[in-house]
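Peer 1: Here it is: the structure, laid out below.
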Amino acid sequence: MSAVFGNLARPPEPRIKLKAETSLPLPDTSLMMRCSACLHKDTCFPCGIAVNDARQLDAFRFGQRKVKTGQTLYHEGDYFQFLYMVRSGTFKSRLLLADGREQVNGFCMAGDILGLDGVAYGTHASSAIALEDAEVCVISYSHLTELAAGNAGLLQVLARMMSREILREHRLITLLGSMNAEERLTAFLLNLSHRLKTRGYSAVEFHLRMSRAEIGSYLGMTLETVSRTFSAFQQLHLLEVDKRHIRLLDIDGLKRALKTSLH
């Protein structure tokens, strides 16, 4: 995924990686994944294309890859070849700043796409790291664009994917630029709740796969501020927190508070 505020200059050339940093093995193409049979077809990129287009996609051979907790799917600066559709698990997208600090610029879950940050210049602008054991569908970008060239429906899907990335960045810029700490965390929790609901999970009770430090990095907040804000929300009886387990007690109250703050 792309950087938080976009890339104004061409990223550095792909770095030479040490042995310990070698990329994951190529996907196993002996296992075929049929889009029409996937549990996440309504949130993944084929969503909305015509039935006959879905059948054409089913004829395309998607590779599959399992990624262990803490394993890197691709590194910042790696050569771009594939898009990755998350089938299960959660990933964080991160950049390493000049001083060595980590900047988290996104969290992806089942139905989301990873790797679009490599389209512009042919190298990945960020790294994608699994926050839990995960599985992805691996799609050759060159093959996908070949299919799209003769398929108007698929071409529209690719355009929507790019548009979603642009909208995501605009929302993040708004989040970081115009909200205080309480508003940022509220918006984050409501967005996560909505994303889980659209995937068939509970909208009010869930386990955070990311740490408070990672949430803080994403929202532009310190770890202490994230923890203090969670505690304040508990005192207001808006939610309950047990380590990483969250239960939203008053989701309507959170929505009202955020709506009021934006007016």
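Identifiers in this document derive from the order of the structure tokens: chains are assigned A, B, ..., residues are numbered from 1 separately in each chain, and ligands are numbered from 1 in order of occurrence.
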Would you list the contacts of segment 89-95 of chain A as a list in words, taking every protein, DNA or RNA residue within 7 Å and counting only C-alpha atoms, but skipping same-chain residues closer than 2 positions in sequence?
Peer 2: Met1, Leu97, Glu102, Gln103, Val104, Asn105, Gly106, Phe107, Cys108, Met109, Ala110, Ser126, Ser127, Ala128, Ile129, Ala130, Leu131, Glu132, Asp133, Ala134, Glu135 and Arg209 of chain A
Peer 1: Name the residues in contact with Ser140 of chain A at a cut-off of 8 Å, using only C-alpha atoms, excluding same-chain residues fewer than 3 positions from it; report them as a list of chain:residue names.
Peer 2: A:Gln81, A:Phe82, A:Leu83, A:His143, A:Leu144
Peer 1: Just the residues within 8 Å of His124 of chain A, please, counting only C-alpha atoms, with nothing from its chain fewer than 3 positions along; format it as a ChimeraX atom specification.
Peer 2: /A:1,74-80,115,117-119,127
Peer 1: Any chance you can output those residues with N, CA and C atoms as a PDB file, in the first residue's frame?
Peer 2:
ATOM      1  N   MET A   1       0.846  -1.185   0.000  1.00  0.00           N
ATOM      2  CA  MET A   1       0.000   0.000   0.000  1.00  0.00           C
ATOM      3  C   MET A   1       0.883   1.238   0.000  1.00  0.00           C
ATOM      4  N   TYR A  74       6.132  -8.850   1.556  1.00  0.00           N
ATOM      5  CA  TYR A  74       7.085  -8.178   0.666  1.00  0.00           C
ATOM      6  C   TYR A  74       7.688  -6.999   1.422  1.00  0.00           C
ATOM      7  N   HIS A  75       8.907  -6.632   1.014  1.00  0.00           N
ATOM      8  CA  HIS A  75       9.619  -5.551   1.678  1.00  0.00           C
ATOM      9  C   HIS A  75       9.544  -4.263   0.877  1.00  0.00           C
ATOM     10  N   GLU A  76       9.678  -3.162   1.567  1.00  0.00           N
ATOM     11  CA  GLU A  76       9.814  -1.865   0.916  1.00  0.00           C
ATOM     12  C   GLU A  76      11.029  -1.906  -0.012  1.00  0.00           C
ATOM     13  N   GLY A  77      10.841  -1.559  -1.283  1.00  0.00           N
ATOM     14  CA  GLY A  77      11.930  -1.591  -2.256  1.00  0.00           C
ATOM     15  C   GLY A  77      11.985  -2.853  -3.089  1.00  0.00           C
ATOM     16  N   ASP A  78      11.192  -3.879  -2.727  1.00  0.00           N
ATOM     17  CA  ASP A  78      11.168  -5.115  -3.507  1.00  0.00           C
ATOM     18  C   ASP A  78      10.570  -4.877  -4.889  1.00  0.00           C
ATOM     19  N   TYR A  79      11.027  -5.658  -5.850  1.00  0.00           N
ATOM     20  CA  TYR A  79      10.496  -5.607  -7.206  1.00  0.00           C
ATOM     21  C   TYR A  79       9.016  -6.005  -7.196  1.00  0.00           C
ATOM     22  N   PHE A  80       8.188  -5.256  -7.902  1.00  0.00           N
ATOM     23  CA  PHE A  80       6.750  -5.490  -7.932  1.00  0.00           C
ATOM     24  C   PHE A  80       6.367  -6.475  -9.039  1.00  0.00           C
ATOM     25  N   GLY A 115      -0.346  -4.594  -2.157  1.00  0.00           N
ATOM     26  CA  GLY A 115       0.610  -4.558  -3.256  1.00  0.00           C
ATOM     27  C   GLY A 115       0.412  -3.459  -4.268  1.00  0.00           C
ATOM     28  N   ASP A 117       0.841  -0.438  -4.048  1.00  0.00           N
ATOM     29  CA  ASP A 117       1.859   0.605  -3.961  1.00  0.00           C
ATOM     30  C   ASP A 117       3.007   0.375  -4.934  1.00  0.00           C
ATOM     31  N   GLY A 118       3.081  -0.829  -5.517  1.00  0.00           N
ATOM     32  CA  GLY A 118       4.158  -1.124  -6.450  1.00  0.00           C
ATOM     33  C   GLY A 118       3.840  -0.785  -7.894  1.00  0.00           C
ATOM     34  N   VAL A 119       2.601  -0.426  -8.176  1.00  0.00           N
ATOM     35  CA  VAL A 119       2.187  -0.203  -9.564  1.00  0.00           C
ATOM     36  C   VAL A 119       2.894   0.998 -10.183  1.00  0.00           C
ATOM     37  N   SER A 127       6.252  -2.096   3.250  1.00  0.00           N
ATOM     38  CA  SER A 127       6.344  -3.517   3.574  1.00  0.00           C
ATOM     39  C   SER A 127       5.009  -3.999   4.115  1.00  0.00           C
TER      40      SER A 127
END
Peer 1: Figure out the distance between atom CA of Arg195 of chain A and atom CA of Val226 of chain A, please, to one decimal in Å.
Peer 2: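 Rounded to one decimal, the two atoms are 20.9 Å apart.
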Peer 1: Quick one: pull the distance between atom CA of Leu114 of chain A and atom CA of Arg87 of chain A, Å, one decimal.
Peer 2: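 Rounded to one decimal, the two atoms are 11.3 Å apart.
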Peer 1: Give me the residues within 9 Å of Cys137 of chain A as a PDB file with C-alpha atoms, in the first residue's frame, counting only C-alpha atoms and dropping any in the same chain fewer than 3 places off.
Peer 2:
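Generated file (around_4.pdb):
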ATOM      1  CA  PRO A  27       3.085 -19.086  -4.673  1.00  0.00           C
ATOM      2  CA  MET A  33      -8.703 -20.770  -6.047  1.00  0.00           C
ATOM      3  CA  PHE A  62      -4.344 -17.907  -8.781  1.00  0.00           C
ATOM      4  CA  GLY A  63      -1.451 -18.920  -6.601  1.00  0.00           C
ATOM      5  CA  GLN A  64      -1.889 -19.298  -2.847  1.00  0.00           C
ATOM      6  CA  ARG A  65       0.513 -18.499  -0.060  1.00  0.00           C
ATOM      7  CA  LEU A  83      -1.100  -8.279  -6.091  1.00  0.00           C
ATOM      8  CA  TYR A  84      -2.173 -10.089  -2.939  1.00  0.00           C
ATOM      9  CA  MET A  85      -5.803 -10.647  -1.988  1.00  0.00           C
ATOM     10  CA  VAL A  86      -6.110 -11.458   1.721  1.00  0.00           C
ATOM     11  CA  ARG A  87      -8.156 -14.635   2.250  1.00  0.00           C
TER      12      ARG A  87
END
Peer 1: Could you find all residues in segment 33-218 of chain A that DSSP calls strand (DSSP E) from the backbone, and write them as a PyMOL selection string?
Peer 2: chain A and resi 63-67+72-74+82-88+91-96+102-108+113-114+127-130+134-140+205-207
Peer 1: Please produce a file of the residues just selected, as a compact mmCIF listing (two decimals), in the first residue's frame, where the atoms kept are N, CA and C atoms.
Peer 2:
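What follows is the written file selection38.txt:
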# COMPACT_ATOMS: atom_id res chain seq x y z
N GLY A 63 -2.29 -18.22 -7.56
CA GLY A 63 -1.45 -18.92 -6.60
C GLY A 63 -1.94 -18.65 -5.19
N GLN A 64 -1.55 -19.49 -4.25
CA GLN A 64 -1.89 -19.30 -2.85
C GLN A 64 -0.62 -19.31 -2.01
N ARG A 65 -0.66 -18.57 -0.93
CA ARG A 65 0.51 -18.50 -0.06
C ARG A 65 0.06 -18.35 1.39
N LYS A 66 0.68 -19.11 2.27
CA LYS A 66 0.43 -18.98 3.70
C LYS A 66 1.56 -18.15 4.30
N VAL A 67 1.19 -17.24 5.19
CA VAL A 67 2.15 -16.33 5.80
C VAL A 67 2.01 -16.45 7.32
N THR A 72 7.14 -11.31 6.70
CA THR A 72 6.96 -10.22 5.74
C THR A 72 6.58 -10.78 4.38
N LEU A 73 5.46 -10.30 3.86
CA LEU A 73 4.99 -10.74 2.54
C LEU A 73 5.84 -10.14 1.44
N TYR A 74 6.13 -8.85 1.56
CA TYR A 74 7.08 -8.18 0.67
C TYR A 74 7.69 -7.00 1.42
N PHE A 82 3.33 -8.97 -8.10
CA PHE A 82 2.05 -9.55 -7.74
C PHE A 82 1.17 -8.59 -6.94
N LEU A 83 -0.14 -8.83 -7.04
CA LEU A 83 -1.10 -8.28 -6.09
C LEU A 83 -1.51 -9.41 -5.16
N TYR A 84 -1.85 -9.08 -3.94
CA TYR A 84 -2.17 -10.09 -2.94
C TYR A 84 -3.56 -9.81 -2.37
N MET A 85 -4.48 -10.75 -2.56
CA MET A 85 -5.80 -10.65 -1.99
C MET A 85 -5.83 -11.45 -0.68
N VAL A 86 -6.15 -10.80 0.41
CA VAL A 86 -6.11 -11.46 1.72
C VAL A 86 -7.32 -12.37 1.87
N ARG A 87 -7.08 -13.66 2.04
CA ARG A 87 -8.16 -14.63 2.25
C ARG A 87 -8.46 -14.79 3.74
N SER A 88 -7.45 -14.73 4.56
CA SER A 88 -7.63 -14.84 6.02
C SER A 88 -6.46 -14.15 6.70
N PHE A 91 -2.90 -8.03 8.10
CA PHE A 91 -1.57 -7.51 7.79
C PHE A 91 -1.49 -6.04 8.17
N LYS A 92 -0.28 -5.59 8.46
CA LYS A 92 -0.04 -4.16 8.56
C LYS A 92 0.88 -3.75 7.41
N SER A 93 0.65 -2.57 6.90
CA SER A 93 1.51 -1.97 5.90
C SER A 93 2.35 -0.92 6.60
N ARG A 94 3.68 -0.97 6.42
CA ARG A 94 4.51 -0.05 7.18
C ARG A 94 5.67 0.49 6.34
N LEU A 95 6.12 1.67 6.73
CA LEU A 95 7.30 2.31 6.17
C LEU A 95 8.34 2.45 7.28
N LEU A 96 9.61 2.38 6.91
CA LEU A 96 10.67 2.67 7.85
C LEU A 96 11.17 4.08 7.58
N GLU A 102 9.21 3.07 12.83
CA GLU A 102 8.19 2.47 11.97
C GLU A 102 7.00 3.41 11.84
N GLN A 103 6.51 3.58 10.62
CA GLN A 103 5.27 4.31 10.37
C GLN A 103 4.26 3.35 9.76
N VAL A 104 3.24 3.01 10.53
CA VAL A 104 2.18 2.13 10.02
C VAL A 104 1.23 2.98 9.18
N ASN A 105 0.94 2.53 7.96
CA ASN A 105 0.05 3.31 7.10
C ASN A 105 -1.15 2.51 6.61
N GLY A 106 -1.45 1.40 7.28
CA GLY A 106 -2.65 0.68 6.93
C GLY A 106 -2.72 -0.69 7.57
N PHE A 107 -3.96 -1.19 7.72
CA PHE A 107 -4.21 -2.55 8.19
C PHE A 107 -5.15 -3.22 7.19
N CYS A 108 -4.80 -4.42 6.76
CA CYS A 108 -5.59 -5.15 5.77
C CYS A 108 -6.10 -6.45 6.36
N ILE A 113 -6.88 -5.84 -0.48
CA ILE A 113 -5.81 -6.06 -1.44
C ILE A 113 -4.52 -5.43 -0.93
N LEU A 114 -3.43 -6.12 -1.17
CA LEU A 114 -2.09 -5.61 -0.84
C LEU A 114 -1.25 -5.55 -2.11
N SER A 127 6.25 -2.10 3.25
CA SER A 127 6.34 -3.52 3.57
C SER A 127 5.01 -4.00 4.12
N ALA A 128 4.68 -5.27 3.88
CA ALA A 128 3.45 -5.86 4.41
C ALA A 128 3.83 -7.01 5.33
N ILE A 129 3.37 -6.93 6.59
CA ILE A 129 3.77 -7.89 7.61
C ILE A 129 2.52 -8.50 8.24
N ALA A 130 2.51 -9.82 8.40
CA ALA A 130 1.36 -10.53 8.96
C ALA A 130 1.28 -10.31 10.47
N ALA A 134 -1.84 -16.02 8.27
CA ALA A 134 -2.71 -15.52 7.22
C ALA A 134 -2.52 -16.33 5.95
N GLU A 135 -3.44 -16.12 5.02
CA GLU A 135 -3.36 -16.75 3.70
C GLU A 135 -3.79 -15.73 2.65
N VAL A 136 -3.07 -15.70 1.54
CA VAL A 136 -3.37 -14.75 0.48
C VAL A 136 -3.47 -15.47 -0.86
N CYS A 137 -4.27 -14.88 -1.76
CA CYS A 137 -4.26 -15.28 -3.16
C CYS A 137 -3.25 -14.38 -3.86
N VAL A 138 -2.38 -14.97 -4.65
CA VAL A 138 -1.31 -14.23 -5.31
C VAL A 138 -1.64 -14.13 -6.80
N ILE A 139 -1.73 -12.91 -7.29
CA ILE A 139 -2.18 -12.67 -8.66
C ILE A 139 -1.09 -11.94 -9.43
N SER A 140 -0.69 -12.48 -10.53
CA SER A 140 0.29 -11.83 -11.39
C SER A 140 -0.33 -10.55 -11.96
N GLU A 205 -18.01 -6.68 19.10
CA GLU A 205 -17.06 -7.40 19.94
C GLU A 205 -16.01 -8.05 19.04
N PHE A 206 -14.75 -7.71 19.26
CA PHE A 206 -13.69 -8.23 18.40
C PHE A 206 -12.34 -8.17 19.12
N HIS A 207 -11.39 -8.87 18.56
CA HIS A 207 -10.03 -8.92 19.11
C HIS A 207 -9.11 -8.13 18.20
Peer 1: Tell me, which residues of segment 108-185 of chain A carry DSSP alpha helix (DSSP H), written as a PyMOL selection string?
Peer 2: chain A and resi 141-149+152-178+181-185
Peer 1: By how many Å are atom CA of Arg199 of chain A and atom CA of Arg164 of chain A apart?
Peer 2: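 Between atom CA of Arg199 of chain A and atom CA of Arg164 of chain A the gap is 17.2 Å.
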